[in-house]
Amino acid sequence: MALAICLAQTGPAWAQDDAAARASAAPSRDGAVKDAKAEDGRSQDGQSKDGKSQDGGASGDASASLQPGSLDLPPVPADAELPAVDPVITDKEFAARVPKLDTADDAELDKPLESIEAFEKRLASDQSDAKPESGSAAPLGDPALADGQTSEQIGDAPVDDKELTADLPPLDSFEVTPVEFAEKAKASDAPLEVRYTIDLEGLAEVDAQTSADITNTFNDASALKQGKGKAANAAMISARLEEDGQLLQTILASEGWYSPRIRTRLAPSRDADDNTLTARISVNPGKRYAFSDIVITADPTVPENLIRDNIALKVGEPIIAARVQGAEAQVAVALPQNGYPFAKVGQRDILLDRDTGEGLYTLPVEVGPRGRFDGIRTDGKTAFDADHIQILARFRKGDLYDSRKVDDLRKALIGTSLFSTVSVEPEKTGQSAGDGTEYVQLYVKQEAGPPRTISGSLGYAAGEGVTTEATWTHRNLFPPEGALIVNGVLGTQEQGLGTTLRRSNAGQRDRTFELTAEAFHNDYDAYSAYTGRLAVKMSRDSTPLWQKRITYAYGAELIGTAETDYDTAAAKRVRHTYYIAGLNGQVGLDTSDSLLDPTRGFKLTTLLQPEATLNKGFNPYLRARIDGSAYYPVSDGLVLAGRVRLGTIQGVDLHDVAPSRRLYAGGGGSVRGYSYQGLGEQAPDGKPVGGRSLNEASVEARYRFGNYGVVAFVDAGQAYAQTMPQFNDIRYGVGLGGRFYTNFGPMRLDVATPINRRSGEALINVYVSIGQSF
């Protein structure tokens, strides 16, 4: 085996050669070359005591690094003359005597090296096959193999293990120390806890210069505040303190202080007996930066100052992050609203000057082409085609592009309730529309949802009892938007079944056509009726998604009904059959802010119904009603609401009008505190007979807190046999209500009592429904 020693290049060449010469010429006592430890603490392998390699290489290098003076020999003088040493053999003679190594001469040279495991197994096999002869030495000098056994249950121990022949120590020399188990520490009932207080200073000056309450903003997000003055240890407090320092820096930067100096320190209490720590945050806000100039880089627009007029930033005002983001958002909104559907607001650049406290604001804007509306393209899982989508659109070809009209179309598509998802995006056509504009096509991606739904409702009112209603709807049975609706009513005093064919957006947006056939039974105190009805109607109504300012409805109906009425001659109620034909028309004006829960504005509705009774000849008459309501917000949570209603029937005697077509007062949608239809003229049997006129009024104070609310109300009204309201014998009801506000409107529970209650009238009346009372 050859031993190679590498010399690291750590010294002059002469020193290395000299060291090598000394190493080869002066071996140590045991015949091996060794490095002595240097006085500066270097180890034999060239590493210092701290583990770093002396020559800058990785520690643990297999090469030996010999330094000048590493051998215990006197140094060789620089001017010393060393004797010449003749070589034992020349290089040429050495090369001639070394045999050539070629795989053609020895096939073993080309074979792979044998693994150590295979070598050991082969060696053991060779040893086991060797059978020593009498008087011969044991194989490998191992006496254990002299027994001639080629395989043994326990392998032979190494022959140089001296412990095999050593005497066993006596038993009494063993000293066994008993194992002692440490007693388990008792867990403290009280968890470790460190208390701290917060000392924040330097924000008063900042709060005085801005409308933003920075102190409260910090307190709301502070990690120290959220810890409520408690922590597991001081390290946790320090971490919170560091986090709050970063938080303050972010908050200050958002309001224009970009170079504040914030110092944080965790200090013990000044009271030696108090273990509470103090987390101190000291703020020096520095300069508040302001805009030195506002530069917009964009192509020309029409009008010329479109971008400048919509970016609400001015030179000299503080650089406030919220205002900058809001101004950029306004530009991004204004451009598509004014004919630029493909405009993009780029990344802002604000160059701050720390010496002057000013910032140069630059905003790049990619305007894109100015566009005009073209056609509509649609695909996907469609509910209807592009022609019907055009009916829903509030723009025509050639109109200047306006993103608000695109959003309106998107809402109209959602309002059909026919889609699970729907999107509307502009597309470039590259076709000139004149006047420096080009046509923009709208791409509508449809994903039709399930067209069938089932819904239900449940309500209760004094005099009406419990009422449940279920509705099955197929919204697109006759495309586009041709729906079949089947509804059933089951209640203690009303039962019925009806079918409606409805076409939404019938040839015009928001116009609805309905054809209805229904049969129902009513059993009220005023009358009992079995009724069949066939009606047709064209309307423009409000919906929860589309609340319209102007609404209208007109139509016709045929009614056949068998109803009970009090017969004075017979002194009892007798059932009569009525055949009624009528027209109806309604116009409404709505300026309120909500359909189901208005808080401001007013509503006004007028209803006219010319009808004729056909059972005893032709008896025409006119039914008319006016409803008005107003809403005024006193504060964020308190709203005052008022309502009036006037009704009349002209041109016919009271008993020539079917009881179900007369006017009644009392109940949940009229005068609360009284049963349904309970006011007005009473028959000798003590039940109402209805009237030809009525007047009603209500006042409510609605107070909302979160998702709940309370209502105090006063209702007043009366029904009269005369054709015009008399405004006398007014009956009043007072009460309290509760509201639970949901996404689809408030759920209402009202409890009312009549004032100056008369014989037969209930003390308490309860009403449950959805939506406000008016």
# chains A, B, ... in the order shown; residues from 1 in each chain; ligands from 1
$ select_by_dssp --residues "segment 277-505 of chain A" --states "strand (DSSP E)" --output "PyMOL selection string"
chain A and resi 277-284+290-297+344-345+349-353+358-366+370-381+419-434+437-448+452-461+465-474+482-491+494-503
$ residues_around --residues "segment 249-255 of chain A" --least-positions-apart "2" --cutoff "10 Å" --atoms "only C-alpha atoms" --output "PyMOL selection string"
chain A and resi 203+206+209-212+214-215+217-218+244-247+257-262+283+285+288-289+318-324
$ select_by_dssp --residues "segment 209-416 of chain A" --states "helix (DSSP H, G or I)" --output "PyMOL selection string"
chain A and resi 209+214-221+223-226+234-254+306-310+321-337+386-392+403-415
$ residues_around --residues "Thr278 of chain A" --least-positions-apart "4" --cutoff "9 Å" --atoms "only C-alpha atoms" --output "JSON, numbers by chain"
{"A": [195, 196, 197, 198, 199, 265, 266, 267, 268, 269]}
$ write_last_selection --atoms "all heavy atoms" --output "mmCIF file, in the first residue's frame"
data_model
loop_
_atom_site.group_PDB
_atom_site.id
_atom_site.type_symbol
_atom_site.label_atom_id
_atom_site.label_comp_id
_atom_site.auth_asym_id
_atom_site.auth_seq_id
_atom_site.Cartn_x
_atom_site.Cartn_y
_atom_site.Cartn_z
ATOM 1 N N ARG A 195 -47.735 40.425 32.884
ATOM 2 C CA ARG A 195 -48.644 41.537 32.594
ATOM 3 C C ARG A 195 -47.850 42.736 32.096
ATOM 4 O O ARG A 195 -46.682 42.900 32.437
ATOM 5 C CB ARG A 195 -49.451 41.912 33.836
ATOM 6 C CG ARG A 195 -50.419 40.805 34.274
ATOM 7 C CD ARG A 195 -51.266 41.235 35.458
ATOM 8 N NE ARG A 195 -52.242 40.224 35.796
ATOM 9 C CZ ARG A 195 -53.458 40.146 35.264
ATOM 10 N NH1 ARG A 195 -53.823 41.061 34.365
ATOM 11 N NH2 ARG A 195 -54.294 39.193 35.616
ATOM 12 N N TYR A 196 -48.528 43.538 31.268
ATOM 13 C CA TYR A 196 -47.850 44.707 30.719
ATOM 14 C C TYR A 196 -48.853 45.822 30.477
ATOM 15 O O TYR A 196 -50.069 45.593 30.383
ATOM 16 C CB TYR A 196 -47.130 44.360 29.412
ATOM 17 C CG TYR A 196 -48.042 43.899 28.304
ATOM 18 C CD1 TYR A 196 -48.638 44.803 27.415
ATOM 19 C CD2 TYR A 196 -48.316 42.538 28.121
ATOM 20 C CE1 TYR A 196 -49.459 44.373 26.393
ATOM 21 C CE2 TYR A 196 -49.137 42.108 27.106
ATOM 22 C CZ TYR A 196 -49.707 43.023 26.244
ATOM 23 O OH TYR A 196 -50.536 42.600 25.239
ATOM 24 N N THR A 197 -48.327 47.025 30.382
ATOM 25 C CA THR A 197 -49.119 48.191 30.006
ATOM 26 C C THR A 197 -48.515 48.782 28.731
ATOM 27 O O THR A 197 -47.398 48.468 28.352
ATOM 28 C CB THR A 197 -49.127 49.250 31.118
ATOM 29 O OG1 THR A 197 -47.772 49.669 31.374
ATOM 30 C CG2 THR A 197 -49.744 48.702 32.393
ATOM 31 N N ILE A 198 -49.270 49.647 28.077
ATOM 32 C CA ILE A 198 -48.836 50.241 26.805
ATOM 33 C C ILE A 198 -48.698 51.742 27.000
ATOM 34 O O ILE A 198 -49.612 52.407 27.494
ATOM 35 C CB ILE A 198 -49.842 49.930 25.683
ATOM 36 C CG1 ILE A 198 -50.061 48.419 25.562
ATOM 37 C CG2 ILE A 198 -49.367 50.519 24.358
ATOM 38 C CD1 ILE A 198 -51.182 48.046 24.616
ATOM 39 N N ASP A 199 -47.557 52.255 26.587
ATOM 40 C CA ASP A 199 -47.296 53.696 26.648
ATOM 41 C C ASP A 199 -47.020 54.167 25.221
ATOM 42 O O ASP A 199 -45.956 53.897 24.661
ATOM 43 C CB ASP A 199 -46.098 53.971 27.564
ATOM 44 C CG ASP A 199 -45.847 55.471 27.732
ATOM 45 O OD1 ASP A 199 -46.680 56.263 27.254
ATOM 46 O OD2 ASP A 199 -44.810 55.837 28.318
ATOM 47 N N ARG A 265 -39.563 50.015 23.080
ATOM 48 C CA ARG A 265 -38.726 49.566 24.213
ATOM 49 C C ARG A 265 -39.618 48.887 25.238
ATOM 50 O O ARG A 265 -40.729 49.354 25.517
ATOM 51 C CB ARG A 265 -38.014 50.753 24.844
ATOM 52 C CG ARG A 265 -37.005 50.367 25.941
ATOM 53 C CD ARG A 265 -36.064 51.538 26.228
ATOM 54 N NE ARG A 265 -36.772 52.687 26.734
ATOM 55 C CZ ARG A 265 -36.927 52.958 28.046
ATOM 56 N NH1 ARG A 265 -36.408 52.138 28.947
ATOM 57 N NH2 ARG A 265 -37.562 54.047 28.434
ATOM 58 N N LEU A 266 -39.132 47.790 25.765
ATOM 59 C CA LEU A 266 -39.817 47.077 26.830
ATOM 60 C C LEU A 266 -39.087 47.365 28.130
ATOM 61 O O LEU A 266 -37.918 47.014 28.280
ATOM 62 C CB LEU A 266 -39.851 45.570 26.539
ATOM 63 C CG LEU A 266 -40.672 44.708 27.498
ATOM 64 C CD1 LEU A 266 -42.142 45.128 27.458
ATOM 65 C CD2 LEU A 266 -40.544 43.232 27.140
ATOM 66 N N ALA A 267 -39.765 48.039 29.047
ATOM 67 C CA ALA A 267 -39.115 48.493 30.278
ATOM 68 C C ALA A 267 -39.858 47.950 31.492
ATOM 69 O O ALA A 267 -41.079 47.750 31.460
ATOM 70 C CB ALA A 267 -39.089 50.021 30.323
ATOM 71 N N PRO A 268 -39.101 47.714 32.581
ATOM 72 C CA PRO A 268 -39.769 47.296 33.821
ATOM 73 C C PRO A 268 -40.521 48.468 34.438
ATOM 74 O O PRO A 268 -40.302 49.630 34.102
ATOM 75 C CB PRO A 268 -38.603 46.835 34.705
ATOM 76 C CG PRO A 268 -37.431 47.627 34.205
ATOM 77 C CD PRO A 268 -37.632 47.804 32.734
ATOM 78 N N SER A 269 -41.398 48.139 35.336
ATOM 79 C CA SER A 269 -42.168 49.178 36.016
ATOM 80 C C SER A 269 -41.249 50.006 36.914
ATOM 81 O O SER A 269 -40.243 49.516 37.445
ATOM 82 C CB SER A 269 -43.284 48.549 36.848
ATOM 83 O OG SER A 269 -43.943 49.518 37.627
#
$ residues_around --residues "Arg410 of chain A" --least-positions-apart "4" --cutoff "10 Å" --atoms "only C-alpha atoms" --output "list in words"
Ile389, Leu392, Ala393, Arg404, Lys405, Val406, Ile414, Gly415, Val422, Ser423, Val424, Glu425 and Val444 of chain A
$ atom_distance --atom1 "atom CA of Ile485 of chain A" --atom2 "atom CA of Leu501 of chain A"
6.4 Å
$ residues_around --residues "segment 663-665 of chain A" --least-positions-apart "6" --cutoff "7 Å" --atoms "only C-alpha atoms" --output "list in words"
Val671, Gln677, Gly678, Leu679, Gly680, Gly690, Gly691, Arg692, Ser693, Leu694, Gly717, Gln718 and Ala719 of chain A
$ closest_residue --among "A:Asp685, A:Glu557, A:Glu242, A:Glu563" --to "Arg280 of chain A" --atoms "only C-alpha atoms"
A:Glu242
$ atom_distance --atom1 "atom CA of Glu700 of chain A" --atom2 "atom CA of Val587 of chain A"
25.3 Å
$ closest_residue --among "A:Leu558, A:Leu413, A:Val710, A:Ala329" --to "Thr531 of chain A" --atoms "only C-alpha atoms"
A:Leu558
$ residues_around --residues "Ile391 of chain A" --least-positions-apart "4" --cutoff "8 Å" --atoms "only C-alpha atoms" --output "ChimeraX atom specification"
/A:387,505,507-509
$ residues_around --residues "segment 339-355 of chain A" --least-positions-apart "4" --cutoff "8 Å" --atoms "only C-alpha atoms" --output "tab-separated table (two decimals) with all heavy atoms, in the first residue's frame"
chain	number	residue	atom	x	y	z
A	289	TYR	N	-45.47	64.17	3.51
A	289	TYR	CA	-45.18	64.42	2.10
A	289	TYR	C	-46.42	64.90	1.36
A	289	TYR	O	-47.55	64.45	1.63
A	289	TYR	CB	-44.64	63.16	1.44
A	289	TYR	CG	-43.23	62.81	1.86
A	289	TYR	CD1	-42.96	62.28	3.13
A	289	TYR	CD2	-42.16	63.04	1.01
A	289	TYR	CE1	-41.67	61.97	3.52
A	289	TYR	CE2	-40.86	62.73	1.40
A	289	TYR	CZ	-40.63	62.20	2.65
A	289	TYR	OH	-39.35	61.91	3.03
A	328	GLU	N	-57.57	56.89	-8.70
A	328	GLU	CA	-57.27	55.99	-9.82
A	328	GLU	C	-58.48	55.12	-10.17
A	328	GLU	O	-58.74	54.86	-11.35
A	328	GLU	CB	-56.07	55.12	-9.45
A	328	GLU	CG	-54.78	55.91	-9.31
A	328	GLU	CD	-53.64	55.08	-8.75
A	328	GLU	OE1	-53.85	53.89	-8.44
A	328	GLU	OE2	-52.53	55.63	-8.63
A	331	VAL	N	-60.87	57.16	-12.29
A	331	VAL	CA	-60.43	57.23	-13.69
A	331	VAL	C	-60.78	55.92	-14.41
A	331	VAL	O	-61.27	55.93	-15.55
A	331	VAL	CB	-58.92	57.50	-13.76
A	331	VAL	CG1	-58.41	57.37	-15.20
A	331	VAL	CG2	-58.61	58.89	-13.22
A	332	ALA	N	-60.53	54.78	-13.75
A	332	ALA	CA	-60.82	53.48	-14.35
A	332	ALA	C	-62.31	53.31	-14.61
A	332	ALA	O	-62.71	52.59	-15.53
A	332	ALA	CB	-60.31	52.36	-13.44
A	335	LEU	N	-63.56	56.35	-17.68
A	335	LEU	CA	-63.22	56.12	-19.08
A	335	LEU	C	-64.19	55.16	-19.77
A	335	LEU	O	-64.71	55.49	-20.85
A	335	LEU	CB	-61.78	55.60	-19.17
A	335	LEU	CG	-60.69	56.67	-18.94
A	335	LEU	CD1	-59.33	56.02	-18.79
A	335	LEU	CD2	-60.68	57.67	-20.09
A	359	GLY	N	-43.54	64.82	-3.35
A	359	GLY	CA	-43.61	63.62	-4.16
A	359	GLY	C	-44.12	63.94	-5.55
A	359	GLY	O	-45.14	64.62	-5.71
A	360	LEU	N	-43.42	63.45	-6.56
A	360	LEU	CA	-43.83	63.62	-7.95
A	360	LEU	C	-44.65	62.40	-8.35
A	360	LEU	O	-44.14	61.28	-8.39
A	360	LEU	CB	-42.60	63.77	-8.86
A	360	LEU	CG	-42.86	63.79	-10.37
A	360	LEU	CD1	-43.76	64.97	-10.74
A	360	LEU	CD2	-41.56	63.84	-11.13
A	361	TYR	N	-45.94	62.63	-8.65
A	361	TYR	CA	-46.88	61.54	-8.95
A	361	TYR	C	-47.02	61.40	-10.46
A	361	TYR	O	-47.33	62.38	-11.15
A	361	TYR	CB	-48.23	61.83	-8.30
A	361	TYR	CG	-49.33	60.86	-8.66
A	361	TYR	CD1	-49.45	59.65	-7.98
A	361	TYR	CD2	-50.25	61.15	-9.67
A	361	TYR	CE1	-50.47	58.76	-8.29
A	361	TYR	CE2	-51.26	60.26	-9.99
A	361	TYR	CZ	-51.36	59.07	-9.30
A	361	TYR	OH	-52.36	58.19	-9.62
A	362	THR	N	-46.81	60.19	-10.97
A	362	THR	CA	-46.96	59.92	-12.40
A	362	THR	C	-47.88	58.72	-12.57
A	362	THR	O	-47.67	57.68	-11.93
A	362	THR	CB	-45.59	59.63	-13.06
A	362	THR	OG1	-44.71	60.74	-12.81
A	362	THR	CG2	-45.75	59.43	-14.55
A	363	LEU	N	-48.89	58.88	-13.44
A	363	LEU	CA	-49.85	57.79	-13.69
A	363	LEU	C	-49.96	57.54	-15.19
A	363	LEU	O	-50.43	58.40	-15.94
A	363	LEU	CB	-51.22	58.15	-13.13
A	363	LEU	CG	-52.31	57.08	-13.32
A	363	LEU	CD1	-51.96	55.85	-12.48
A	363	LEU	CD2	-53.68	57.61	-12.94
A	364	PRO	N	-49.53	56.37	-15.65
A	364	PRO	CA	-49.72	56.02	-17.06
A	364	PRO	C	-51.11	55.43	-17.28
A	364	PRO	O	-51.58	54.59	-16.50
A	364	PRO	CB	-48.62	54.98	-17.30
A	364	PRO	CG	-48.41	54.33	-15.97
A	364	PRO	CD	-48.72	55.37	-14.93
A	365	VAL	N	-51.78	55.87	-18.35
A	365	VAL	CA	-53.11	55.37	-18.68
A	365	VAL	C	-53.12	54.96	-20.15
A	365	VAL	O	-52.76	55.74	-21.03
A	365	VAL	CB	-54.19	56.43	-18.43
A	365	VAL	CG1	-55.57	55.89	-18.81
A	365	VAL	CG2	-54.18	56.87	-16.97
A	366	GLU	N	-53.54	53.71	-20.40
A	366	GLU	CA	-53.72	53.22	-21.77
A	366	GLU	C	-55.19	53.41	-22.13
A	366	GLU	O	-56.06	52.68	-21.65
A	366	GLU	CB	-53.31	51.75	-21.85
A	366	GLU	CG	-53.40	51.17	-23.25
A	366	GLU	CD	-53.00	49.71	-23.29
A	366	GLU	OE1	-52.29	49.28	-22.37
A	366	GLU	OE2	-53.42	49.01	-24.22
A	367	VAL	N	-55.46	54.40	-22.98
A	367	VAL	CA	-56.85	54.78	-23.26
A	367	VAL	C	-57.53	53.77	-24.16
A	367	VAL	O	-58.66	53.36	-23.92
A	367	VAL	CB	-56.89	56.19	-23.89
A	367	VAL	CG1	-58.30	56.53	-24.33
A	367	VAL	CG2	-56.36	57.22	-22.91
A	368	GLY	N	-56.90	53.35	-25.22
A	368	GLY	CA	-57.52	52.45	-26.17
A	368	GLY	C	-58.48	53.19	-27.10
A	368	GLY	O	-58.70	54.39	-26.97
A	369	PRO	N	-59.10	52.48	-28.04
A	369	PRO	CA	-60.00	53.14	-28.99
A	369	PRO	C	-61.31	53.57	-28.35
A	369	PRO	O	-61.81	52.93	-27.43
A	369	PRO	CB	-60.22	52.06	-30.05
A	369	PRO	CG	-60.02	50.77	-29.31
A	369	PRO	CD	-58.96	51.04	-28.30
A	370	ARG	N	-61.87	54.66	-28.86
A	370	ARG	CA	-63.20	55.13	-28.45
A	370	ARG	C	-64.23	54.32	-29.22
A	370	ARG	O	-64.12	54.15	-30.44
A	370	ARG	CB	-63.34	56.61	-28.73
A	370	ARG	CG	-64.54	57.28	-28.08
A	370	ARG	CD	-64.40	58.78	-28.15
A	370	ARG	NE	-65.48	59.48	-27.47
A	370	ARG	CZ	-66.34	60.30	-28.06
A	370	ARG	NH1	-66.23	60.53	-29.37
A	370	ARG	NH2	-67.28	60.90	-27.37
A	371	GLY	N	-65.23	53.78	-28.52
A	371	GLY	CA	-66.13	52.82	-29.15
A	371	GLY	C	-67.60	53.19	-29.12
A	371	GLY	O	-68.04	54.02	-28.31
A	372	ARG	N	-68.35	52.54	-30.02
A	372	ARG	CA	-69.81	52.64	-30.08
A	372	ARG	C	-70.40	51.23	-30.11
A	372	ARG	O	-69.77	50.29	-30.62
A	372	ARG	CB	-70.26	53.43	-31.31
A	372	ARG	CG	-69.82	54.89	-31.29
A	372	ARG	CD	-70.39	55.67	-32.47
A	372	ARG	NE	-69.93	57.06	-32.43
A	372	ARG	CZ	-70.53	58.02	-31.72
A	372	ARG	NH1	-71.61	57.73	-31.00
A	372	ARG	NH2	-70.06	59.25	-31.73
A	400	LEU	N	-72.92	55.71	-28.12
A	400	LEU	CA	-71.59	55.74	-27.54
A	400	LEU	C	-71.51	54.73	-26.40
A	400	LEU	O	-72.42	54.62	-25.57
A	400	LEU	CB	-71.28	57.14	-27.01
A	400	LEU	CG	-69.84	57.37	-26.52
A	400	LEU	CD1	-68.85	57.27	-27.68
A	400	LEU	CD2	-69.73	58.73	-25.84
A	401	TYR	N	-70.41	53.98	-26.37
A	401	TYR	CA	-70.25	52.94	-25.36
A	401	TYR	C	-70.31	53.54	-23.96
A	401	TYR	O	-69.67	54.55	-23.66
A	401	TYR	CB	-68.92	52.22	-25.55
A	401	TYR	CG	-68.72	51.06	-24.61
A	401	TYR	CD1	-69.11	49.77	-24.96
A	401	TYR	CD2	-68.16	51.24	-23.34
A	401	TYR	CE1	-68.93	48.70	-24.10
A	401	TYR	CE2	-67.98	50.18	-22.47
A	401	TYR	CZ	-68.37	48.92	-22.86
A	401	TYR	OH	-68.20	47.86	-21.99
A	402	ASP	N	-71.08	52.88	-23.09
A	402	ASP	CA	-71.22	53.31	-21.71
A	402	ASP	C	-71.28	52.06	-20.84
A	402	ASP	O	-72.21	51.25	-20.97
A	402	ASP	CB	-72.48	54.15	-21.53
A	402	ASP	CG	-72.58	54.79	-20.14
A	402	ASP	OD1	-71.93	54.29	-19.20
A	402	ASP	OD2	-73.32	55.79	-20.00
A	403	SER	N	-70.31	51.88	-19.97
A	403	SER	CA	-70.24	50.68	-19.14
A	403	SER	C	-71.43	50.56	-18.20
A	403	SER	O	-71.78	49.45	-17.78
A	403	SER	CB	-68.93	50.66	-18.34
A	403	SER	OG	-68.85	51.79	-17.48
A	426	PRO	N	-67.00	43.43	-23.45
A	426	PRO	CA	-66.85	44.07	-24.76
A	426	PRO	C	-65.77	43.39	-25.59
A	426	PRO	O	-64.79	42.86	-25.06
A	426	PRO	CB	-66.46	45.51	-24.40
A	426	PRO	CG	-65.76	45.38	-23.09
A	426	PRO	CD	-66.43	44.26	-22.37
